[in-house]
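> This is the content of coords.txt (compact mmCIF, C-alpha atoms and all ligand atoms):
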# COMPACT_ATOMS: atom_id res chain seq x y z
CA MET A 1 -73.96 65.97 -92.02
CA ALA A 2 -71.94 63.27 -90.32
CA ASP A 3 -69.80 61.00 -92.50
CA PRO A 4 -72.04 57.93 -93.07
CA LYS A 5 -69.00 55.61 -92.91
CA GLN A 6 -68.37 56.53 -89.27
CA GLN A 7 -70.57 56.29 -86.20
CA ALA A 8 -72.04 59.77 -85.81
CA SER A 9 -71.04 60.45 -82.17
CA ILE A 10 -67.38 59.55 -82.81
CA GLU A 11 -67.32 61.55 -86.01
CA ARG A 12 -68.89 64.65 -84.41
CA MET A 13 -66.61 64.42 -81.39
CA ARG A 14 -63.61 64.58 -83.73
CA ARG A 15 -65.00 67.16 -86.10
CA PHE A 16 -66.18 69.56 -83.38
CA ASP A 17 -63.22 68.84 -81.08
CA ILE A 18 -65.40 67.77 -78.17
CA ARG A 19 -63.94 66.32 -74.99
CA PRO A 20 -66.69 64.55 -73.02
CA ARG A 21 -67.29 66.07 -69.58
CA ARG A 22 -67.73 63.38 -66.97
CA LYS A 23 -69.34 65.67 -64.45
CA LEU A 24 -72.20 66.22 -66.93
CA GLY A 25 -72.58 62.47 -67.47
CA GLN A 26 -71.39 62.76 -71.08
CA ASN A 27 -71.17 59.10 -72.06
CA PHE A 28 -72.25 59.30 -75.66
CA LEU A 29 -73.99 56.50 -77.50
CA ILE A 30 -71.67 54.95 -80.08
CA ASP A 31 -73.64 51.84 -81.06
CA ASN A 32 -76.58 52.46 -83.37
CA ASN A 33 -78.05 48.97 -82.80
CA ILE A 34 -79.64 50.16 -79.58
CA LEU A 35 -81.71 52.72 -81.49
CA ASP A 36 -84.04 50.06 -82.92
CA VAL A 37 -84.35 48.48 -79.48
CA ILE A 38 -85.44 51.88 -78.10
CA SER A 39 -87.88 52.34 -80.97
CA THR A 40 -89.59 49.04 -80.12
CA ALA A 41 -89.53 49.51 -76.33
CA ALA A 42 -90.92 53.04 -76.64
CA ASP A 43 -93.50 51.93 -79.20
CA LEU A 44 -92.52 54.90 -81.37
CA HIS A 45 -95.31 56.42 -83.41
CA VAL A 46 -95.47 59.25 -85.95
CA ASP A 47 -97.88 61.16 -83.69
CA ASP A 48 -95.56 61.13 -80.67
CA VAL A 49 -94.29 64.35 -79.13
CA VAL A 50 -91.02 63.32 -77.55
CA LEU A 51 -88.93 64.92 -74.83
CA GLU A 52 -85.24 64.02 -74.90
CA VAL A 53 -83.20 65.21 -71.91
CA GLY A 54 -79.52 65.43 -72.78
CA GLY A 55 -79.27 65.71 -76.55
CA GLY A 56 -75.48 65.36 -76.48
CA LEU A 57 -74.05 64.86 -79.96
CA GLY A 58 -77.50 64.17 -81.33
CA VAL A 59 -77.33 60.52 -82.32
CA LEU A 60 -80.60 59.63 -80.56
CA SER A 61 -82.13 63.04 -81.39
CA GLU A 62 -81.56 62.51 -85.12
CA PHE A 63 -83.09 59.03 -84.96
CA LEU A 64 -86.17 60.29 -83.09
CA ALA A 65 -86.62 63.43 -85.21
CA ALA A 66 -87.09 61.33 -88.34
CA ARG A 67 -89.80 59.18 -86.70
CA VAL A 68 -92.01 61.38 -84.52
CA SER A 69 -94.21 64.43 -84.92
CA LYS A 70 -92.23 66.74 -82.64
CA LEU A 71 -89.02 66.44 -80.64
CA GLN A 72 -88.19 68.71 -77.69
CA VAL A 73 -84.52 68.42 -76.70
CA ILE A 74 -83.06 69.84 -73.49
CA GLU A 75 -79.26 70.05 -73.27
CA ILE A 76 -77.30 71.76 -70.49
CA ASP A 77 -73.99 72.09 -72.35
CA ASN A 78 -74.07 74.74 -75.05
CA LYS A 79 -70.54 73.75 -76.12
CA LEU A 80 -72.31 70.87 -77.87
CA SER A 81 -74.53 73.20 -79.90
CA ASP A 82 -72.62 72.90 -83.20
CA ALA A 83 -72.66 69.11 -83.00
CA LEU A 84 -76.32 68.99 -82.02
CA ASP A 85 -77.18 71.44 -84.77
CA ASP A 86 -75.30 69.24 -87.24
CA ALA A 87 -77.58 66.37 -86.18
CA VAL A 88 -80.99 68.03 -86.04
CA GLY A 89 -80.61 71.49 -87.63
CA GLY A 90 -82.22 70.17 -90.82
CA PHE A 91 -85.39 68.99 -89.07
CA GLU A 92 -88.25 71.46 -88.74
CA ASN A 93 -89.95 69.39 -86.06
CA VAL A 94 -87.14 69.76 -83.50
CA LEU A 95 -86.91 72.38 -80.74
CA VAL A 96 -83.64 72.51 -78.78
CA HIS A 97 -83.59 74.23 -75.37
CA TYR A 98 -80.23 74.93 -73.72
CA GLY A 99 -80.58 74.77 -69.96
CA ASP A 100 -80.67 72.53 -66.92
CA ALA A 101 -83.52 70.01 -67.18
CA VAL A 102 -83.92 70.15 -63.40
CA ASP A 103 -84.81 73.86 -63.57
CA ILE A 104 -87.02 73.74 -66.65
CA ASP A 105 -90.74 73.21 -66.02
CA PHE A 106 -91.57 70.45 -68.52
CA GLY A 107 -95.22 71.56 -68.29
CA GLU A 108 -94.25 74.81 -70.06
CA LEU A 109 -93.00 72.99 -73.17
CA ASP A 110 -95.18 73.55 -76.21
CA PRO A 111 -96.35 71.19 -77.61
CA LYS A 112 -96.39 69.07 -74.49
CA PRO A 113 -94.40 65.84 -74.75
CA THR A 114 -96.25 62.53 -74.61
CA LYS A 115 -93.09 60.41 -74.17
CA LEU A 116 -89.70 60.85 -72.49
CA ILE A 117 -87.05 59.01 -74.50
CA ALA A 118 -83.48 59.66 -73.46
CA ASN A 119 -80.01 58.50 -72.54
CA LEU A 120 -80.15 60.33 -69.23
CA PRO A 121 -77.25 61.99 -67.41
CA TYR A 122 -76.62 59.75 -64.39
CA ASN A 123 -76.91 62.38 -61.65
CA VAL A 124 -80.37 63.65 -62.58
CA ALA A 125 -81.87 60.54 -64.16
CA ALA A 126 -84.45 59.69 -61.48
CA THR A 127 -85.37 63.36 -61.05
CA CYS A 128 -86.05 63.69 -64.79
CA VAL A 129 -88.33 60.64 -64.84
CA ILE A 130 -90.36 61.92 -61.88
CA LYS A 131 -90.50 65.45 -63.31
CA ALA A 132 -91.65 64.12 -66.68
CA PHE A 133 -94.52 62.08 -65.22
CA TYR A 134 -95.62 64.69 -62.68
CA GLU A 135 -95.16 67.89 -64.71
CA LEU A 136 -96.70 66.34 -67.81
CA PRO A 137 -100.04 64.73 -66.90
CA ALA A 138 -100.49 63.54 -70.51
CA LEU A 139 -97.09 61.80 -70.62
CA GLU A 140 -97.74 58.15 -71.50
CA LEU A 141 -94.32 56.59 -71.24
CA CYS A 142 -90.69 56.96 -70.21
CA CYS A 143 -88.10 54.89 -72.06
CA VAL A 144 -84.71 55.79 -70.66
CA MET A 145 -81.15 54.62 -70.48
CA ALA A 146 -79.86 55.18 -66.97
CA GLN A 147 -77.38 53.86 -64.45
CA ARG A 148 -78.53 50.34 -63.53
CA GLU A 149 -78.99 51.29 -59.90
CA VAL A 150 -81.37 54.09 -60.89
CA GLY A 151 -83.44 51.60 -62.88
CA GLU A 152 -83.46 49.23 -59.91
CA ARG A 153 -84.55 52.03 -57.59
CA LEU A 154 -87.42 53.03 -59.88
CA THR A 155 -88.69 49.45 -59.95
CA ALA A 156 -87.71 48.27 -56.41
CA LYS A 157 -90.46 46.74 -54.29
CA PRO A 158 -91.15 47.25 -50.55
CA SER A 159 -88.46 46.08 -48.12
CA ASN A 160 -85.80 46.11 -50.85
CA LYS A 161 -82.94 48.36 -49.73
CA LEU A 162 -83.32 50.45 -52.90
CA TYR A 163 -87.05 51.04 -52.31
CA ALA A 164 -87.43 54.79 -51.85
CA GLY A 165 -89.72 57.75 -52.39
CA THR A 166 -88.74 57.69 -56.05
CA SER A 167 -89.96 54.09 -56.35
CA VAL A 168 -93.32 55.00 -54.81
CA LEU A 169 -93.88 58.09 -56.96
CA VAL A 170 -93.17 56.15 -60.15
CA GLN A 171 -95.01 52.96 -59.21
CA ALA A 172 -98.10 54.91 -58.10
CA ILE A 173 -98.76 55.85 -61.71
CA SER A 174 -96.85 53.47 -64.00
CA ASP A 175 -95.83 49.89 -64.69
CA ASN A 176 -92.35 48.75 -65.65
CA THR A 177 -92.90 47.06 -69.02
CA THR A 178 -89.29 46.24 -69.94
CA THR A 179 -85.82 46.46 -68.45
CA ARG A 180 -82.80 45.53 -70.54
CA LYS A 181 -79.22 45.46 -69.35
CA LEU A 182 -76.85 47.42 -71.59
CA SER A 183 -73.21 46.78 -72.34
CA ARG A 184 -70.86 49.52 -71.14
CA ASN A 185 -69.21 49.38 -74.57
CA ILE A 186 -72.10 51.08 -76.32
CA PHE A 187 -71.00 54.38 -74.71
CA HIS A 188 -67.96 56.61 -75.13
CA PRO A 189 -66.17 57.13 -72.86
CA VAL A 190 -66.94 53.75 -71.28
CA PRO A 191 -68.76 54.57 -68.01
CA ASN A 192 -67.62 53.25 -64.62
CA VAL A 193 -71.08 51.87 -63.89
CA ASP A 194 -73.55 49.56 -65.59
CA SER A 195 -76.65 50.90 -67.33
CA SER A 196 -80.09 49.63 -68.25
CA LEU A 197 -82.81 50.62 -70.65
CA VAL A 198 -85.95 50.98 -68.55
CA THR A 199 -89.46 51.46 -69.90
CA LEU A 200 -92.28 52.69 -67.69
CA LYS A 201 -95.83 52.96 -69.02
CA ARG A 202 -98.39 55.21 -67.35
CA THR A 203 -101.27 53.29 -65.78
CA ALA A 204 -102.97 56.04 -63.77
CA GLU A 205 -103.49 59.77 -63.60
CA ASN A 206 -101.28 61.81 -61.30
CA PRO A 207 -102.46 61.88 -57.68
CA PRO A 208 -103.15 65.27 -56.06
CA PRO A 209 -100.03 67.40 -55.42
CA GLU A 210 -99.91 66.69 -51.65
CA PHE A 211 -99.08 63.06 -52.49
CA ASN A 212 -95.48 64.06 -53.33
CA ALA A 213 -95.05 65.82 -49.97
CA LEU A 214 -96.47 62.79 -48.17
CA VAL A 215 -94.08 60.39 -49.92
CA HIS A 216 -91.03 62.63 -49.40
CA GLY A 217 -91.95 63.10 -45.74
CA ALA A 218 -92.51 59.38 -45.25
CA PHE A 219 -89.04 58.48 -46.57
CA ALA A 220 -87.19 61.36 -44.92
CA HIS A 221 -86.74 59.04 -41.90
CA ARG A 222 -87.15 55.61 -43.47
CA ARG A 223 -86.17 53.68 -40.31
CA LYS A 224 -88.71 55.52 -38.11
CA PRO A 225 -92.40 54.66 -37.82
CA LEU A 226 -94.20 56.23 -40.76
CA ALA A 227 -96.85 57.97 -38.64
CA GLY A 228 -94.11 59.88 -36.78
CA SER A 229 -92.36 60.91 -40.01
CA LEU A 230 -95.64 62.21 -41.43
CA ALA A 231 -96.25 64.26 -38.29
CA LEU A 232 -93.05 66.15 -39.08
CA ILE A 233 -94.32 67.42 -42.44
CA ARG A 234 -97.41 69.16 -40.89
CA ARG A 235 -99.92 69.02 -43.73
CA GLY A 236 -101.91 72.25 -43.86
CA HIS A 237 -102.27 73.87 -40.47
CA ASP A 238 -102.74 70.74 -38.38
CA ASP A 239 -100.46 70.18 -35.42
CA ALA A 240 -98.05 67.26 -35.27
CA ASP A 241 -100.06 65.14 -32.79
CA THR A 242 -103.26 65.42 -34.83
CA ILE A 243 -101.41 64.33 -37.96
CA LYS A 244 -99.82 61.40 -36.14
CA GLN A 245 -103.18 60.18 -34.82
CA ARG A 246 -104.73 60.52 -38.24
CA ALA A 247 -101.87 58.60 -39.84
CA VAL A 248 -102.09 55.81 -37.23
CA ALA A 249 -105.85 55.51 -37.85
CA ALA A 250 -105.37 55.47 -41.63
CA LEU A 251 -102.66 52.81 -41.34
CA ALA A 252 -104.94 50.69 -39.16
CA GLU A 253 -107.67 50.93 -41.79
CA LEU A 254 -105.17 49.59 -44.32
CA GLY A 255 -104.22 46.73 -41.99
CA TYR A 256 -100.88 48.07 -40.71
CA ASP A 257 -99.84 48.62 -37.12
CA ALA A 258 -98.69 51.95 -35.69
CA ASN A 259 -94.97 51.09 -35.99
CA THR A 260 -95.09 50.40 -39.73
CA ARG A 261 -92.22 52.02 -41.64
CA ALA A 262 -92.41 53.73 -45.03
CA GLU A 263 -90.32 51.04 -46.70
CA GLN A 264 -93.01 48.42 -45.93
CA LEU A 265 -95.84 50.06 -47.90
CA PRO A 266 -96.37 49.46 -51.63
CA ALA A 267 -97.27 52.45 -53.81
CA THR A 268 -100.97 51.47 -53.94
CA ASP A 269 -101.17 51.72 -50.13
CA PHE A 270 -99.43 55.09 -50.19
CA LEU A 271 -102.17 56.30 -52.55
CA ARG A 272 -104.85 54.99 -50.18
CA LEU A 273 -103.06 56.48 -47.18
CA ASN A 274 -103.03 59.88 -48.86
CA GLU A 275 -106.75 59.62 -49.64
CA LEU A 276 -107.62 58.56 -46.11
CA ILE A 277 -105.60 61.34 -44.51
CA SER A 278 -107.11 63.91 -46.90
CA GLU A 279 -110.71 62.63 -46.36
CA ASP A 280 -110.22 62.83 -42.64
CA ARG A 281 -109.29 66.51 -42.93
CA GLY A 282 -112.56 67.08 -44.80
N1 LIG B 301 -78.28 61.64 -75.99
C1 LIG B 301 -76.85 61.60 -76.14
C2 LIG B 301 -76.40 60.21 -76.49
O1 LIG B 301 -77.19 59.29 -76.28
O2 LIG B 301 -75.28 60.04 -76.94
C3 LIG B 301 -76.13 62.10 -74.88
C4 LIG B 301 -76.40 61.31 -73.61
S1 LIG B 301 -75.29 61.69 -72.29
C5 LIG B 301 -75.48 60.22 -71.31
C6 LIG B 301 -76.17 62.83 -71.28
C7 LIG B 301 -76.34 64.24 -71.83
O3 LIG B 301 -77.07 65.02 -70.88
C8 LIG B 301 -75.05 65.00 -72.07
O4 LIG B 301 -75.08 65.58 -73.35
C9 LIG B 301 -75.02 66.10 -70.99
O5 LIG B 301 -74.36 67.28 -71.39
C10 LIG B 301 -76.50 66.32 -70.75
N2 LIG B 301 -76.85 66.81 -69.41
C11 LIG B 301 -76.20 66.59 -68.24
N3 LIG B 301 -76.85 67.15 -67.21
C12 LIG B 301 -77.96 67.75 -67.74
C13 LIG B 301 -79.03 68.51 -67.18
N4 LIG B 301 -79.09 68.75 -65.88
N5 LIG B 301 -79.98 69.00 -68.01
C14 LIG B 301 -79.90 68.76 -69.37
N6 LIG B 301 -78.92 68.04 -69.95
C15 LIG B 301 -77.96 67.54 -69.15
Write out the structure in this file as structure tokens.

Amino acid sequence: MADPKQQASIERMRRFDIRPRRKLGQNFLIDNNILDVISTAADLHVDDVVLEVGGGLGVLSEFLAARVSKLQVIEIDNKLSDALDDAVGGFENVLVHYGDAVDIDFGELDPKPTKLIANLPYNVAATCVIKAFYELPALELCCVMAQREVGERLTAKPSNKLYAGTSVLVQAISDNTTTRKLSRNIFHPVPNVDSSLVTLKRTAENPPPEFNALVHGAFAHRRKPLAGSLALIRRGHDDADTIKQRAVAALAELGYDANTRAEQLPATDFLRLNELISEDRG
């Protein structure tokens, strides 16, 4: 057990001789006040099954383990295993998986998480949010600490320079309920970038799988007309010209002209576009 007189991350770092690895985004939480803020934002409940990506030194894991029904932790760095075990080894409701969260199918986790609550590593933060929503159809909420720009990208609206495929995928199925700026001083080492706590609540079921391909294809050439970009992804066996015509017709039905670019369409219109193109194929 960590010495109660010291903040747990600092104490475990010393005791287990851990040097944070920047390339793994190891900026550990060293201010426990944020834990209650997370609890409120995530609307923590004893029935929750929580996924935490990046257990680190276990300060958030330990907090969650004591408050939810089951906690699934994924951590890439097995050099942290003694520290993480010190934090959650005494809890029977915690499962720790050592591996890369990008490669792990969250849908294979048992029991399946209903919430993602994490201080995410900066380089895979957006990917983890998308994976959580799309690989876990029953996931209700993501409450994550991430680089501020990632938070802005997830919540950016059309025509904003940060508006991207990630924004569409997330906004198609969730609402941003809270965003809170975080001080850099709550992490050790102090990161070079600002962070936010972002909460996204599911509002809709996942669209059919081809929606992801449509959104990725649409933003692959964000400055080009959308219909042309979609022609390049060749849905099914249709040829490029057929797809382009179908996309132009679908855009017209939604009130857009043929030169409309991906960055102009809100997520709701992407959902409609996908339906119209699919209906047309019969
Ligand atoms: N939860 C801890 C905390 O709040 O102090 C640690 C958060 S730290 C920002 C991010 C953690 O994610 C690190 O422990 C790092 O080793 C881990 N990590 C980095 N890349 C990962 C990946 N691809 N899959 C799983 N964990 C990863």
> Between A:Pro225, A:Gly151, A:Pro158, A:Pro137, single out the one closest to Leu197 in chain A, counting all atoms listed in the file.
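Among the listed residues, A:Gly151 lies closest to Leu197 in chain A.
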> Please report the interatomic distance between CA of Asp103 in chain A and CA of Ala87 in chain A in Å with one decimal.
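So the answer is 24.9 Å.
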> Please check which protein, DNA or RNA residues sit within 6 Å of ligand LIG 301 (chain B), counting only C-alpha atoms and all ligand atoms, and write them as an mmCIF file with C-alpha atoms, keeping the file's coordinate frame.

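Output below, filename result_20.cif:
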data_model
loop_
_atom_site.group_PDB
_atom_site.id
_atom_site.type_symbol
_atom_site.label_atom_id
_atom_site.label_comp_id
_atom_site.auth_asym_id
_atom_site.auth_seq_id
_atom_site.Cartn_x
_atom_site.Cartn_y
_atom_site.Cartn_z
ATOM 1 C CA LEU A 24 -72.200 66.220 -66.930
ATOM 2 C CA GLY A 25 -72.580 62.470 -67.470
ATOM 3 C CA GLN A 26 -71.390 62.760 -71.080
ATOM 4 C CA ASN A 27 -71.170 59.100 -72.060
ATOM 5 C CA PHE A 28 -72.250 59.300 -75.660
ATOM 6 C CA LEU A 29 -73.990 56.500 -77.500
ATOM 7 C CA VAL A 53 -83.200 65.210 -71.910
ATOM 8 C CA GLY A 54 -79.520 65.430 -72.780
ATOM 9 C CA GLY A 55 -79.270 65.710 -76.550
ATOM 10 C CA GLY A 56 -75.480 65.360 -76.480
ATOM 11 C CA LEU A 57 -74.050 64.860 -79.960
ATOM 12 C CA GLY A 58 -77.500 64.170 -81.330
ATOM 13 C CA VAL A 59 -77.330 60.520 -82.320
ATOM 14 C CA LEU A 60 -80.600 59.630 -80.560
ATOM 15 C CA ILE A 74 -83.060 69.840 -73.490
ATOM 16 C CA GLU A 75 -79.260 70.050 -73.270
ATOM 17 C CA ILE A 76 -77.300 71.760 -70.490
ATOM 18 C CA ASP A 77 -73.990 72.090 -72.350
ATOM 19 C CA ASP A 100 -80.670 72.530 -66.920
ATOM 20 C CA ALA A 101 -83.520 70.010 -67.180
ATOM 21 C CA VAL A 102 -83.920 70.150 -63.400
ATOM 22 C CA ASN A 119 -80.010 58.500 -72.540
ATOM 23 C CA LEU A 120 -80.150 60.330 -69.230
ATOM 24 C CA PRO A 121 -77.250 61.990 -67.410
#
> How many Å separate CA of Arg202 in chain A from CA of Leu136 in chain A?
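That distance, rounded to one decimal, is 11.3 Å.
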> For Pro111 in chain A, which residue among A:Ala267, A:Val129, A:Val144, A:Val50 is the nearest when counting all atoms listed in the file?
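Using all atoms listed in the file, Pro111 in chain A sits closest to A:Val50.
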> Can you tell me, as a ChimeraX atom specification, which residues sit within 9 Å of (-92.9, 55.6, -54.8) in the file's frame, using all atoms listed in the file?
/A:154,163-172,212,215,266-267,270
> Skipping near chain neighbours, those fewer than 2 positions away, what residues fall within 9 Å of Lys112 in chain A using all atoms listed in the file, listed as an NGL selection string?
:A and (49-51 or 72 or 106-110 or 114 or 136 or 138-139)
> Using only C-alpha atoms, which of the listed residues (A:Leu84, A:Leu200, A:Val68, A:Ala262) sits closest to Ile130 in chain A?
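Going through A:Leu84, A:Leu200, A:Val68, A:Ala262 one by one, the smallest distance to Ile130 in chain A is for A:Leu200.
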> With all atoms listed in the file as the counted atoms, please give the residues lying no more than 10 Å from Ser39 in chain A, apart from itself and same-chain residues fewer than 6 positions off, as an NGL selection string.
:A and (45 or 63-64 or 67 or 117 or 143)
> I'd like the neighbourhood of range 252-257 of chain A as a list in words, where a residue qualifies if any of its atoms comes within 10 Å (using all atoms listed in the file), though same-chain residues fewer than 2 positions away should be ignored.
Pro225, Ala227, Arg246, Ala247, Val248, Ala249, Ala250, Asn259, Thr260, Arg261, Gln264, Leu265, Asp269, Phe270, Arg272, Leu273 and Leu276 of chain A
> Work out how far apart CA of Leu226 in chain A and CA of Ser159 in chain A are and give it in Å to one decimal.
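Straight-line distance from CA of Leu226 in chain A to CA of Ser159 in chain A works out to 13.8 Å.
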> Using all atoms listed in the file, can you tell me which of A:Glu263, A:Leu35, A:Glu210, A:Asp47 comes closest to Lys157 in chain A?
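Closest to Lys157 in chain A of all the choices is A:Glu263.
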> Which residue out of A:Ile30, A:Val150, A:Ala132, A:Val73 has the minimum interatomic distance to His97 in chain A when only C-alpha atoms are used?
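Of A:Ile30, A:Val150, A:Ala132, A:Val73, the one nearest His97 in chain A, counting only C-alpha atoms, is A:Val73.
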